[in-house]
$ cat run31.tsv   # TSV, N, CA and C atoms
chain	number	residue	atom	x	y	z
A	1	MET	N	10.34	-2.07	11.90
A	1	MET	CA	10.52	-0.69	11.47
A	1	MET	C	11.17	0.13	12.58
A	2	ASP	N	11.19	-0.41	13.81
A	2	ASP	CA	11.82	0.33	14.91
A	2	ASP	C	13.32	0.45	14.72
A	3	ASP	N	13.92	-0.56	14.08
A	3	ASP	CA	15.38	-0.56	13.90
A	3	ASP	C	15.85	0.36	12.79
A	4	TRP	N	15.02	0.57	11.79
A	4	TRP	CA	15.42	1.34	10.62
A	4	TRP	C	14.40	2.43	10.33
A	5	ALA	N	14.72	3.63	10.59
A	5	ALA	CA	13.80	4.74	10.33
A	5	ALA	C	13.80	5.10	8.85
A	6	THR	N	12.64	5.39	8.32
A	6	THR	CA	12.53	5.86	6.94
A	6	THR	C	13.06	7.29	6.90
A	7	PRO	N	13.98	7.58	5.97
A	7	PRO	CA	14.52	8.94	5.89
A	7	PRO	C	13.42	9.97	5.61
A	8	GLU	N	13.58	11.14	6.19
A	8	GLU	CA	12.58	12.20	6.03
A	8	GLU	C	12.38	12.57	4.56
A	9	ALA	N	13.45	12.50	3.78
A	9	ALA	CA	13.37	12.84	2.35
A	9	ALA	C	12.48	11.86	1.59
A	10	LEU	N	12.23	10.67	2.18
A	10	LEU	CA	11.40	9.66	1.51
A	10	LEU	C	10.05	9.48	2.20
A	11	SER	N	9.53	10.56	2.73
A	11	SER	CA	8.22	10.47	3.38
A	11	SER	C	7.11	10.73	2.36
A	12	ALA	N	5.94	10.24	2.69
A	12	ALA	CA	4.78	10.47	1.82
A	12	ALA	C	4.18	11.83	2.17
A	13	PRO	N	4.19	12.78	1.25
A	13	PRO	CA	3.65	14.11	1.58
A	13	PRO	C	2.15	14.07	1.78
A	14	LYS	N	1.66	14.93	2.66
A	14	LYS	CA	0.24	15.02	2.94
A	14	LYS	C	-0.42	16.01	1.98
A	15	LEU	N	-1.70	15.84	1.80
A	15	LEU	CA	-2.48	16.72	0.94
A	15	LEU	C	-2.56	18.11	1.58
A	16	ASP	N	-2.25	19.13	0.81
A	16	ASP	CA	-2.27	20.51	1.31
A	16	ASP	C	-3.69	20.96	1.62
A	17	GLN	N	-3.88	21.48	2.82
A	17	GLN	CA	-5.21	21.96	3.21
A	17	GLN	C	-5.65	23.11	2.31
A	18	GLN	N	-4.70	23.97	1.94
A	18	GLN	CA	-5.01	25.12	1.08
A	18	GLN	C	-5.56	24.65	-0.27
A	19	LEU	N	-4.95	23.61	-0.82
A	19	LEU	CA	-5.42	23.08	-2.10
A	19	LEU	C	-6.76	22.37	-1.91
A	20	LEU	N	-6.89	21.62	-0.82
A	20	LEU	CA	-8.13	20.91	-0.54
A	20	LEU	C	-9.31	21.89	-0.42
A	21	ASN	N	-9.05	23.07	0.10
A	21	ASN	CA	-10.10	24.09	0.22
A	21	ASN	C	-10.60	24.56	-1.14
A	22	GLN	N	-9.84	24.32	-2.19
A	22	GLN	CA	-10.25	24.70	-3.55
A	22	GLN	C	-11.16	23.66	-4.20
A	23	VAL	N	-11.22	22.48	-3.58
A	23	VAL	CA	-12.07	21.40	-4.11
A	23	VAL	C	-13.52	21.69	-3.71
A	24	PRO	N	-14.45	21.58	-4.65
A	24	PRO	CA	-15.86	21.81	-4.32
A	24	PRO	C	-16.29	20.96	-3.13
A	25	PHE	N	-17.05	21.55	-2.23
A	25	PHE	CA	-17.42	20.91	-0.97
A	25	PHE	C	-18.09	19.55	-1.18
A	26	LYS	N	-18.93	19.43	-2.19
A	26	LYS	CA	-19.69	18.18	-2.38
A	26	LYS	C	-18.80	16.99	-2.74
A	27	VAL	N	-17.59	17.22	-3.24
A	27	VAL	CA	-16.69	16.11	-3.56
A	27	VAL	C	-15.43	16.09	-2.68
A	28	ARG	N	-15.35	17.01	-1.74
A	28	ARG	CA	-14.14	17.12	-0.91
A	28	ARG	C	-13.84	15.84	-0.14
A	29	LYS	N	-14.86	15.27	0.49
A	29	LYS	CA	-14.66	14.05	1.27
A	29	LYS	C	-14.19	12.91	0.37
A	30	PHE	N	-14.76	12.81	-0.81
A	30	PHE	CA	-14.36	11.79	-1.78
A	30	PHE	C	-12.88	11.96	-2.15
A	31	VAL	N	-12.48	13.19	-2.42
A	31	VAL	CA	-11.08	13.47	-2.78
A	31	VAL	C	-10.16	13.11	-1.62
A	32	GLN	N	-10.56	13.47	-0.40
A	32	GLN	CA	-9.75	13.16	0.77
A	32	GLN	C	-9.60	11.65	0.95
A	33	GLU	N	-10.66	10.91	0.78
A	33	GLU	CA	-10.61	9.46	0.93
A	33	GLU	C	-9.73	8.81	-0.12
A	34	ARG	N	-9.87	9.27	-1.37
A	34	ARG	CA	-9.02	8.72	-2.45
A	34	ARG	C	-7.56	9.02	-2.19
A	35	ASP	N	-7.28	10.26	-1.74
A	35	ASP	CA	-5.90	10.62	-1.46
A	35	ASP	C	-5.36	9.82	-0.28
A	36	LYS	N	-6.17	9.60	0.74
A	36	LYS	CA	-5.72	8.85	1.91
A	36	LYS	C	-5.36	7.42	1.52
A	37	GLU	N	-6.15	6.82	0.65
A	37	GLU	CA	-5.84	5.46	0.18
A	37	GLU	C	-4.46	5.43	-0.48
A	38	MET	N	-4.22	6.38	-1.36
A	38	MET	CA	-2.94	6.41	-2.07
A	38	MET	C	-1.80	6.79	-1.12
A	39	PHE	N	-2.05	7.67	-0.17
A	39	PHE	CA	-1.05	8.04	0.84
A	39	PHE	C	-0.62	6.79	1.62
A	40	ASN	N	-1.59	5.99	2.03
A	40	ASN	CA	-1.28	4.78	2.80
A	40	ASN	C	-0.45	3.79	2.00
A	41	VAL	N	-0.76	3.63	0.73
A	41	VAL	CA	0.01	2.73	-0.12
A	41	VAL	C	1.43	3.27	-0.30
A	42	LYS	N	1.55	4.55	-0.57
A	42	LYS	CA	2.88	5.15	-0.75
A	42	LYS	C	3.70	5.01	0.53
A	43	HIS	N	3.07	5.27	1.67
A	43	HIS	CA	3.75	5.16	2.95
A	43	HIS	C	4.23	3.71	3.17
A	44	ALA	N	3.40	2.75	2.81
A	44	ALA	CA	3.77	1.34	2.96
A	44	ALA	C	4.98	0.98	2.10
A	45	PHE	N	5.02	1.47	0.88
A	45	PHE	CA	6.18	1.21	0.02
A	45	PHE	C	7.44	1.88	0.56
A	46	LEU	N	7.29	3.09	1.05
A	46	LEU	CA	8.45	3.82	1.56
A	46	LEU	C	9.02	3.22	2.84
A	47	ASN	N	8.22	2.44	3.57
A	47	ASN	CA	8.74	1.78	4.77
A	47	ASN	C	9.92	0.87	4.45
A	48	ALA	N	9.97	0.36	3.24
A	48	ALA	CA	11.07	-0.51	2.83
A	48	ALA	C	12.39	0.25	2.69
A	49	SER	N	12.32	1.56	2.57
A	49	SER	CA	13.54	2.34	2.37
A	49	SER	C	14.39	2.44	3.64
A	50	GLY	N	13.78	2.30	4.82
A	50	GLY	CA	14.53	2.41	6.07
A	50	GLY	C	15.71	1.44	6.15
A	51	PRO	N	15.43	0.13	6.05
A	51	PRO	CA	16.54	-0.82	6.12
A	51	PRO	C	17.56	-0.64	4.98
A	52	LEU	N	17.09	-0.31	3.79
A	52	LEU	CA	18.01	-0.12	2.67
A	52	LEU	C	18.89	1.10	2.89
A	53	CYS	N	18.32	2.18	3.40
A	53	CYS	CA	19.13	3.37	3.69
A	53	CYS	C	20.10	3.11	4.82
A	54	GLY	N	19.70	2.29	5.79
A	54	GLY	CA	20.61	1.92	6.87
A	54	GLY	C	21.82	1.16	6.34
A	55	LEU	N	21.58	0.24	5.43
A	55	LEU	CA	22.70	-0.48	4.79
A	55	LEU	C	23.58	0.48	4.01
A	56	HIS	N	22.96	1.37	3.28
A	56	HIS	CA	23.70	2.35	2.49
A	56	HIS	C	24.58	3.21	3.40
A	57	ASP	N	24.03	3.65	4.53
A	57	ASP	CA	24.80	4.47	5.47
A	57	ASP	C	26.01	3.71	5.99
A	58	CYS	N	25.82	2.43	6.29
A	58	CYS	CA	26.96	1.60	6.76
A	58	CYS	C	28.07	1.57	5.71
A	59	ILE	N	27.69	1.38	4.48
A	59	ILE	CA	28.69	1.27	3.41
A	59	ILE	C	29.37	2.61	3.18
A	60	VAL	N	28.59	3.70	3.15
A	60	VAL	CA	29.15	5.04	2.95
A	60	VAL	C	30.13	5.41	4.07
A	61	ASN	N	29.81	4.98	5.30
A	61	ASN	CA	30.65	5.30	6.45
A	61	ASN	C	31.77	4.28	6.67
A	62	ASN	N	31.98	3.42	5.67
A	62	ASN	CA	33.04	2.41	5.71
A	62	ASN	C	32.94	1.49	6.93
A	63	SER	N	31.75	1.29	7.44
A	63	SER	CA	31.56	0.30	8.50
A	63	SER	C	30.84	-0.89	7.87
A	64	ALA	N	31.64	-1.77	7.33
A	64	ALA	CA	31.10	-2.90	6.57
A	64	ALA	C	30.12	-3.71	7.40
A	65	PRO	N	28.87	-3.82	6.92
A	65	PRO	CA	27.90	-4.64	7.65
A	65	PRO	C	28.25	-6.12	7.54
A	66	THR	N	27.90	-6.87	8.56
A	66	THR	CA	28.14	-8.31	8.52
A	66	THR	C	27.12	-8.95	7.59
A	67	TYR	N	27.39	-10.19	7.26
A	67	TYR	CA	26.47	-10.96	6.43
A	67	TYR	C	25.09	-11.00	7.10
A	68	GLU	N	25.08	-11.25	8.41
A	68	GLU	CA	23.82	-11.33	9.16
A	68	GLU	C	23.07	-9.99	9.13
A	69	GLU	N	23.77	-8.87	9.26
A	69	GLU	CA	23.14	-7.55	9.22
A	69	GLU	C	22.53	-7.28	7.84
A	70	ILE	N	23.25	-7.69	6.80
A	70	ILE	CA	22.73	-7.52	5.43
A	70	ILE	C	21.48	-8.36	5.24
A	71	LYS	N	21.55	-9.61	5.69
A	71	LYS	CA	20.41	-10.52	5.56
A	71	LYS	C	19.18	-9.96	6.29
A	72	VAL	N	19.35	-9.51	7.53
A	72	VAL	CA	18.24	-8.97	8.31
A	72	VAL	C	17.68	-7.72	7.66
A	73	ALA	N	18.57	-6.83	7.19
A	73	ALA	CA	18.11	-5.59	6.56
A	73	ALA	C	17.31	-5.89	5.29
A	74	LEU	N	17.77	-6.83	4.50
A	74	LEU	CA	17.04	-7.19	3.27
A	74	LEU	C	15.69	-7.81	3.60
A	75	GLU	N	15.66	-8.68	4.60
A	75	GLU	CA	14.38	-9.27	5.01
A	75	GLU	C	13.42	-8.18	5.50
A	76	GLN	N	13.97	-7.23	6.26
A	76	GLN	CA	13.12	-6.16	6.79
A	76	GLN	C	12.71	-5.16	5.72
A	77	ALA	N	13.39	-5.13	4.60
A	77	ALA	CA	12.98	-4.29	3.47
A	77	ALA	C	11.94	-5.02	2.62
A	78	LEU	N	12.11	-6.33	2.46
A	78	LEU	CA	11.19	-7.10	1.62
A	78	LEU	C	9.82	-7.26	2.26
A	79	CYS	N	9.78	-7.35	3.57
A	79	CYS	CA	8.51	-7.53	4.28
A	79	CYS	C	7.54	-6.38	4.00
A	80	PRO	N	7.94	-5.12	4.22
A	80	PRO	CA	6.99	-4.03	3.92
A	80	PRO	C	6.66	-3.92	2.43
A	81	LEU	N	7.58	-4.34	1.55
A	81	LEU	CA	7.26	-4.31	0.12
A	81	LEU	C	6.15	-5.31	-0.19
A	82	GLY	N	6.22	-6.50	0.40
A	82	GLY	CA	5.16	-7.48	0.21
A	82	GLY	C	3.83	-6.99	0.75
A	83	SER	N	3.88	-6.37	1.90
A	83	SER	CA	2.68	-5.83	2.52
A	83	SER	C	2.09	-4.70	1.67
A	84	ALA	N	2.94	-3.83	1.18
A	84	ALA	CA	2.48	-2.72	0.33
A	84	ALA	C	1.89	-3.24	-0.98
A	85	ASN	N	2.50	-4.28	-1.52
A	85	ASN	CA	1.99	-4.86	-2.76
A	85	ASN	C	0.58	-5.42	-2.54
A	86	ALA	N	0.38	-6.11	-1.41
A	86	ALA	CA	-0.94	-6.65	-1.09
A	86	ALA	C	-1.95	-5.52	-0.89
A	87	GLU	N	-1.53	-4.45	-0.22
A	87	GLU	CA	-2.41	-3.30	0.02
A	87	GLU	C	-2.82	-2.64	-1.30
A	88	LEU	N	-1.87	-2.53	-2.21
A	88	LEU	CA	-2.17	-1.93	-3.51
A	88	LEU	C	-3.10	-2.81	-4.33
A	89	SER	N	-2.93	-4.13	-4.26
A	89	SER	CA	-3.84	-5.04	-4.97
A	89	SER	C	-5.26	-4.92	-4.43
A	90	ILE	N	-5.40	-4.81	-3.12
A	90	ILE	CA	-6.73	-4.64	-2.51
A	90	ILE	C	-7.36	-3.33	-2.99
A	91	LEU	N	-6.57	-2.28	-3.01
A	91	LEU	CA	-7.08	-0.98	-3.48
A	91	LEU	C	-7.53	-1.06	-4.93
A	92	ARG	N	-6.74	-1.72	-5.76
A	92	ARG	CA	-7.13	-1.89	-7.17
A	92	ARG	C	-8.42	-2.68	-7.29
A	93	ARG	N	-8.53	-3.77	-6.51
A	93	ARG	CA	-9.75	-4.58	-6.54
A	93	ARG	C	-10.95	-3.75	-6.10
A	94	GLN	N	-10.77	-2.95	-5.04
A	94	GLN	CA	-11.86	-2.10	-4.56
A	94	GLN	C	-12.35	-1.17	-5.66
A	95	ARG	N	-11.43	-0.60	-6.39
A	95	ARG	CA	-11.81	0.34	-7.45
A	95	ARG	C	-12.54	-0.36	-8.58
A	96	VAL	N	-12.10	-1.56	-8.93
A	96	VAL	CA	-12.79	-2.31	-9.99
A	96	VAL	C	-14.18	-2.72	-9.51
A	97	LEU	N	-14.25	-3.25	-8.29
A	97	LEU	CA	-15.55	-3.69	-7.77
A	97	LEU	C	-16.50	-2.52	-7.57
A	98	ALA	N	-16.00	-1.36	-7.21
A	98	ALA	CA	-16.85	-0.18	-7.04
A	98	ALA	C	-17.50	0.21	-8.36
A	99	ALA	N	-16.79	0.00	-9.46
A	99	ALA	CA	-17.35	0.32	-10.77
A	99	ALA	C	-18.46	-0.66	-11.15
A	100	ILE	N	-18.39	-1.87	-10.59
A	100	ILE	CA	-19.39	-2.89	-10.89
A	100	ILE	C	-20.58	-2.78	-9.93
A	101	ASN	N	-20.26	-2.75	-8.63
A	101	ASN	CA	-21.30	-2.69	-7.61
A	101	ASN	C	-20.66	-2.18	-6.31
A	102	ARG	N	-20.93	-0.94	-5.97
A	102	ARG	CA	-20.31	-0.29	-4.80
A	102	ARG	C	-20.49	-1.08	-3.50
A	103	SER	N	-21.60	-1.79	-3.39
A	103	SER	CA	-21.86	-2.52	-2.14
A	103	SER	C	-21.00	-3.78	-2.01
A	104	ARG	N	-20.25	-4.10	-3.02
A	104	ARG	CA	-19.42	-5.32	-3.00
A	104	ARG	C	-17.92	-5.05	-2.89
A	105	THR	N	-17.53	-3.83	-2.56
A	105	THR	CA	-16.09	-3.51	-2.47
A	105	THR	C	-15.41	-4.29	-1.35
A	106	ASN	N	-16.18	-4.76	-0.36
A	106	ASN	CA	-15.59	-5.55	0.72
A	106	ASN	C	-14.98	-6.86	0.22
A	107	LEU	N	-15.43	-7.34	-0.94
A	107	LEU	CA	-14.89	-8.57	-1.52
A	107	LEU	C	-13.43	-8.41	-1.95
A	108	ALA	N	-12.98	-7.18	-2.06
A	108	ALA	CA	-11.60	-6.92	-2.47
A	108	ALA	C	-10.60	-7.46	-1.46
A	109	GLU	N	-11.03	-7.64	-0.21
A	109	GLU	CA	-10.12	-8.08	0.83
A	109	GLU	C	-10.11	-9.59	1.02
A	110	LEU	N	-10.85	-10.31	0.20
A	110	LEU	CA	-10.82	-11.78	0.27
A	110	LEU	C	-9.43	-12.28	-0.06
A	111	PRO	N	-8.95	-13.29	0.65
A	111	PRO	CA	-7.67	-13.89	0.24
A	111	PRO	C	-7.89	-14.63	-1.09
A	112	LEU	N	-7.05	-14.37	-2.03
A	112	LEU	CA	-7.18	-14.98	-3.37
A	112	LEU	C	-5.88	-15.71	-3.72
A	113	PRO	N	-5.61	-16.83	-3.07
A	113	PRO	CA	-4.33	-17.52	-3.27
A	113	PRO	C	-4.13	-18.09	-4.68
A	114	ASN	N	-5.22	-18.28	-5.41
A	114	ASN	CA	-5.10	-18.86	-6.76
A	114	ASN	C	-5.12	-17.81	-7.86
A	115	ALA	N	-5.06	-16.53	-7.50
A	115	ALA	CA	-5.12	-15.47	-8.51
A	115	ALA	C	-3.88	-15.47	-9.41
A	116	LYS	N	-2.75	-15.89	-8.86
A	116	LYS	CA	-1.48	-15.94	-9.58
A	116	LYS	C	-1.17	-14.58	-10.22
A	117	SER	N	-1.11	-14.50	-11.52
A	117	SER	CA	-0.75	-13.23	-12.18
A	117	SER	C	-1.96	-12.35	-12.50
A	118	TRP	N	-3.14	-12.75	-12.01
A	118	TRP	CA	-4.36	-11.99	-12.24
A	118	TRP	C	-4.75	-11.25	-10.98
A	119	LEU	N	-5.46	-10.16	-11.12
A	119	LEU	CA	-5.88	-9.37	-9.97
A	119	LEU	C	-6.92	-10.11	-9.13
A	120	PHE	N	-7.82	-10.85	-9.78
A	120	PHE	CA	-8.87	-11.59	-9.07
A	120	PHE	C	-8.70	-13.10	-9.17
A	121	GLY	N	-8.43	-13.60	-10.35
A	121	GLY	CA	-8.28	-15.04	-10.54
A	121	GLY	C	-9.58	-15.73	-10.90
A	122	ASP	N	-9.44	-16.96	-11.41
A	122	ASP	CA	-10.59	-17.72	-11.90
A	122	ASP	C	-11.57	-18.13	-10.81
A	123	ASP	N	-11.08	-18.31	-9.58
A	123	ASP	CA	-11.99	-18.77	-8.54
A	123	ASP	C	-12.69	-17.63	-7.80
A	124	PHE	N	-12.47	-16.38	-8.22
A	124	PHE	CA	-13.11	-15.26	-7.54
A	124	PHE	C	-14.63	-15.32	-7.59
A	125	PRO	N	-15.25	-15.63	-8.74
A	125	PRO	CA	-16.73	-15.68	-8.76
A	125	PRO	C	-17.31	-16.66	-7.73
A	126	SER	N	-16.70	-17.83	-7.59
A	126	SER	CA	-17.24	-18.80	-6.62
A	126	SER	C	-16.98	-18.33	-5.18
A	127	LEU	N	-15.82	-17.74	-4.92
A	127	LEU	CA	-15.53	-17.21	-3.58
A	127	LEU	C	-16.48	-16.06	-3.25
A	128	ALA	N	-16.75	-15.20	-4.23
A	128	ALA	CA	-17.64	-14.07	-4.02
A	128	ALA	C	-19.06	-14.53	-3.74
A	129	SER	N	-19.52	-15.55	-4.46
A	129	SER	CA	-20.88	-16.04	-4.24
A	129	SER	C	-21.01	-16.72	-2.88
A	130	LYS	N	-19.95	-17.41	-2.42
A	130	LYS	CA	-19.98	-18.01	-1.08
A	130	LYS	C	-20.05	-16.91	-0.02
A	131	GLN	N	-19.34	-15.83	-0.25
A	131	GLN	CA	-19.34	-14.71	0.68
A	131	GLN	C	-20.71	-14.06	0.74
A	132	ALA	N	-21.41	-14.02	-0.38
A	132	ALA	CA	-22.72	-13.39	-0.45
A	132	ALA	C	-23.78	-14.21	0.29
A	133	GLU	N	-23.54	-15.51	0.42
A	133	GLU	CA	-24.53	-16.37	1.08
A	133	GLU	C	-24.58	-16.15	2.52
$ encode --input "run31.tsv" --output "structure tokens"
Amino acid sequence: MDDWATPEALSAPKLDQQLLNQVPFKVRKFVQERDKEMFNVKHAFLNASGPLCGLHDCIVNNSAPTYEEIKVALEQALCPLGSANAELSILRRQRVLAAINRSRTNLAELPLPNAKSWLFGDDFPSLASKQAE
């Protein structure tokens, strides 16, 4: 991310303190935590825009990037997208697990290599029970 800065126009906006002051005190911390989770996911996705905008700037300025520069920029854009996708899946799992049993939200961070197209996968119950032991 040091090579490609995310453009300011694509930053994740912060929650307005003035609006937060309108939230009832007893749920304010909850609202802040929920917003912070989503802020972090949005920020992670936007990190991919740096390399892509760098490529775009090269093309707009008629300085044709080399094949190697294109390859590196694409790799550096795909990496944060993969990371953001994993972060969003963990957040989704946390929310589902919180609805079932709040004390088990830590299971959302288990590696689930066999989940495939499912959020948890068929082997989650056995992995979760091993974790509980």
$ residues_near_point --input "run31.tsv" --point "(21.2, -3.3, 8.1)" --cutoff "7 Å" --atoms "only N, CA and C atoms" --output "compact mmCIF listing (two decimals) with N, CA and C atoms, in the frame of the given file"
# COMPACT_ATOMS: atom_id res chain seq x y z
N PRO A 51 15.43 0.13 6.05
CA PRO A 51 16.54 -0.82 6.12
C PRO A 51 17.56 -0.64 4.98
N LEU A 52 17.09 -0.31 3.79
CA LEU A 52 18.01 -0.12 2.67
C LEU A 52 18.89 1.10 2.89
N GLY A 54 19.70 2.29 5.79
CA GLY A 54 20.61 1.92 6.87
C GLY A 54 21.82 1.16 6.34
N LEU A 55 21.58 0.24 5.43
CA LEU A 55 22.70 -0.48 4.79
C LEU A 55 23.58 0.48 4.01
N HIS A 56 22.96 1.37 3.28
CA HIS A 56 23.70 2.35 2.49
C HIS A 56 24.58 3.21 3.40
N PRO A 65 28.87 -3.82 6.92
CA PRO A 65 27.90 -4.64 7.65
C PRO A 65 28.25 -6.12 7.54
N GLU A 69 23.77 -8.87 9.26
CA GLU A 69 23.14 -7.55 9.22
C GLU A 69 22.53 -7.28 7.84
N ILE A 70 23.25 -7.69 6.80
CA ILE A 70 22.73 -7.52 5.43
C ILE A 70 21.48 -8.36 5.24
N LYS A 71 21.55 -9.61 5.69
CA LYS A 71 20.41 -10.52 5.56
C LYS A 71 19.18 -9.96 6.29
N VAL A 72 19.35 -9.51 7.53
CA VAL A 72 18.24 -8.97 8.31
C VAL A 72 17.68 -7.72 7.66
N ALA A 73 18.57 -6.83 7.19
CA ALA A 73 18.11 -5.59 6.56
C ALA A 73 17.31 -5.89 5.29
N LEU A 74 17.77 -6.83 4.50
CA LEU A 74 17.04 -7.19 3.27
C LEU A 74 15.69 -7.81 3.60
$ residues_around --input "run31.tsv" --residues "Asp123 of chain A" --least-positions-apart "4" --cutoff "8 Å" --atoms "only N, CA and C atoms" --output "list in words"
Leu112, Asn114, Ala115, Leu127, Ala128 and Ser129 of chain A
$ residues_around --input "run31.tsv" --residues "Ala86 of chain A" --least-positions-apart "6" --cutoff "10 Å" --atoms "only C-alpha atoms" --output "mmCIF file with N, CA and C atoms, in the frame of the given file"
data_model
loop_
_atom_site.group_PDB
_atom_site.id
_atom_site.type_symbol
_atom_site.label_atom_id
_atom_site.label_comp_id
_atom_site.auth_asym_id
_atom_site.auth_seq_id
_atom_site.Cartn_x
_atom_site.Cartn_y
_atom_site.Cartn_z
ATOM 1 N N VAL A 41 -0.760 3.630 0.730
ATOM 2 C CA VAL A 41 0.010 2.730 -0.120
ATOM 3 C C VAL A 41 1.430 3.270 -0.300
ATOM 4 N N PRO A 80 7.940 -5.120 4.220
ATOM 5 C CA PRO A 80 6.990 -4.030 3.920
ATOM 6 C C PRO A 80 6.660 -3.920 2.430
ATOM 7 N N ARG A 92 -6.740 -1.720 -5.760
ATOM 8 C CA ARG A 92 -7.130 -1.890 -7.170
ATOM 9 C C ARG A 92 -8.420 -2.680 -7.290
ATOM 10 N N GLU A 109 -11.030 -7.640 -0.210
ATOM 11 C CA GLU A 109 -10.120 -8.080 0.830
ATOM 12 C C GLU A 109 -10.110 -9.590 1.020
ATOM 13 N N PRO A 111 -8.950 -13.290 0.650
ATOM 14 C CA PRO A 111 -7.670 -13.890 0.240
ATOM 15 C C PRO A 111 -7.890 -14.630 -1.090
#
$ select_by_dssp --input "run31.tsv" --residues "segment 55-114 of chain A" --states "helix (DSSP H, G or I)" --output "PyMOL selection string"
chain A and resi 55-60+67-100+102-109
$ residues_around --input "run31.tsv" --residues "segment 31-38 of chain A" --least-positions-apart "3" --cutoff "12 Å" --atoms "only C-alpha atoms" --output "VMD selection string"
chain A and resid 12 to 17 19 to 28 41 to 45 84 87 to 92 94 to 95
$ closest_residue --input "run31.tsv" --among "A:Leu110, A:Leu10, A:Leu97, A:Leu119" --to "Leu46 of chain A" --atoms "all atoms listed in the file"
A:Leu10
$ atom_distance --input "run31.tsv" --atom1 "atom CA of Pro7 of chain A" --atom2 "atom CA of Gly50 of chain A"
6.5 Å
$ closest_residue --input "run31.tsv" --among "A:Asn61, A:Ser11, A:Asn85, A:Ser117" --to "Phe39 of chain A" --atoms "only C-alpha atoms"
A:Ser11
$ atom_distance --input "run31.tsv" --atom1 "atom N of Asp57 of chain A" --atom2 "atom CA of Gly82 of chain A"
22.3 Å
$ atom_distance --input "run31.tsv" --atom1 "atom C of Val96 of chain A" --atom2 "atom CA of Ser83 of chain A"
20.9 Å
$ closest_residue --input "run31.tsv" --among "A:Arg93, A:Ile59, A:Gln18, A:Asn101" --to "Phe124 of chain A" --atoms "only C-alpha atoms"
A:Arg93
$ decode --input "run31.tsv" --residues "segment 68-79 of chain A" --atoms "N, CA, C and O atoms" --output "PDB file, in the first residue's frame"
ATOM      1  N   GLU A  68       4.940  -5.468 -16.686  1.00  0.00           N
ATOM      2  CA  GLU A  68       5.294  -5.768 -15.295  1.00  0.00           C
ATOM      3  C   GLU A  68       4.591  -4.820 -14.324  1.00  0.00           C
ATOM      4  O   GLU A  68       4.108  -5.240 -13.276  1.00  0.00           O
ATOM      5  N   GLU A  69       4.501  -3.532 -14.650  1.00  0.00           N
ATOM      6  CA  GLU A  69       3.818  -2.559 -13.789  1.00  0.00           C
ATOM      7  C   GLU A  69       2.323  -2.875 -13.686  1.00  0.00           C
ATOM      8  O   GLU A  69       1.739  -2.766 -12.607  1.00  0.00           O
ATOM      9  N   ILE A  70       1.729  -3.279 -14.799  1.00  0.00           N
ATOM     10  CA  ILE A  70       0.308  -3.655 -14.793  1.00  0.00           C
ATOM     11  C   ILE A  70       0.101  -4.890 -13.922  1.00  0.00           C
ATOM     12  O   ILE A  70      -0.803  -4.937 -13.091  1.00  0.00           O
ATOM     13  N   LYS A  71       0.973  -5.875 -14.109  1.00  0.00           N
ATOM     14  CA  LYS A  71       0.873  -7.118 -13.337  1.00  0.00           C
ATOM     15  C   LYS A  71       0.994  -6.831 -11.839  1.00  0.00           C
ATOM     16  O   LYS A  71       0.184  -7.314 -11.032  1.00  0.00           O
ATOM     17  N   VAL A  72       1.995  -6.048 -11.440  1.00  0.00           N
ATOM     18  CA  VAL A  72       2.203  -5.729 -10.031  1.00  0.00           C
ATOM     19  C   VAL A  72       1.018  -4.949  -9.473  1.00  0.00           C
ATOM     20  O   VAL A  72       0.537  -5.237  -8.369  1.00  0.00           O
ATOM     21  N   ALA A  73       0.521  -3.972 -10.235  1.00  0.00           N
ATOM     22  CA  ALA A  73      -0.613  -3.169  -9.764  1.00  0.00           C
ATOM     23  C   ALA A  73      -1.855  -4.036  -9.570  1.00  0.00           C
ATOM     24  O   ALA A  73      -2.579  -3.886  -8.573  1.00  0.00           O
ATOM     25  N   LEU A  74      -2.102  -4.941 -10.494  1.00  0.00           N
ATOM     26  CA  LEU A  74      -3.265  -5.827 -10.363  1.00  0.00           C
ATOM     27  C   LEU A  74      -3.113  -6.760  -9.162  1.00  0.00           C
ATOM     28  O   LEU A  74      -4.072  -6.980  -8.413  1.00  0.00           O
ATOM     29  N   GLU A  75      -1.916  -7.296  -8.971  1.00  0.00           N
ATOM     30  CA  GLU A  75      -1.681  -8.153  -7.807  1.00  0.00           C
ATOM     31  C   GLU A  75      -1.893  -7.364  -6.516  1.00  0.00           C
ATOM     32  O   GLU A  75      -2.485  -7.856  -5.561  1.00  0.00           O
ATOM     33  N   GLN A  76      -1.404  -6.118  -6.511  1.00  0.00           N
ATOM     34  CA  GLN A  76      -1.537  -5.292  -5.308  1.00  0.00           C
ATOM     35  C   GLN A  76      -2.966  -4.811  -5.093  1.00  0.00           C
ATOM     36  O   GLN A  76      -3.306  -4.400  -3.989  1.00  0.00           O
ATOM     37  N   ALA A  77      -3.794  -4.849  -6.112  1.00  0.00           N
ATOM     38  CA  ALA A  77      -5.213  -4.518  -5.951  1.00  0.00           C
ATOM     39  C   ALA A  77      -5.996  -5.750  -5.495  1.00  0.00           C
ATOM     40  O   ALA A  77      -6.917  -5.646  -4.677  1.00  0.00           O
ATOM     41  N   LEU A  78      -5.628  -6.916  -6.009  1.00  0.00           N
ATOM     42  CA  LEU A  78      -6.349  -8.139  -5.658  1.00  0.00           C
ATOM     43  C   LEU A  78      -6.084  -8.579  -4.222  1.00  0.00           C
ATOM     44  O   LEU A  78      -6.971  -9.112  -3.555  1.00  0.00           O
ATOM     45  N   CYS A  79      -4.890  -8.338  -3.736  1.00  0.00           N
ATOM     46  CA  CYS A  79      -4.533  -8.738  -2.370  1.00  0.00           C
ATOM     47  C   CYS A  79      -5.457  -8.096  -1.329  1.00  0.00           C
ATOM     48  O   CYS A  79      -6.042  -8.810  -0.508  1.00  0.00           O
TER      49      CYS A  79
END
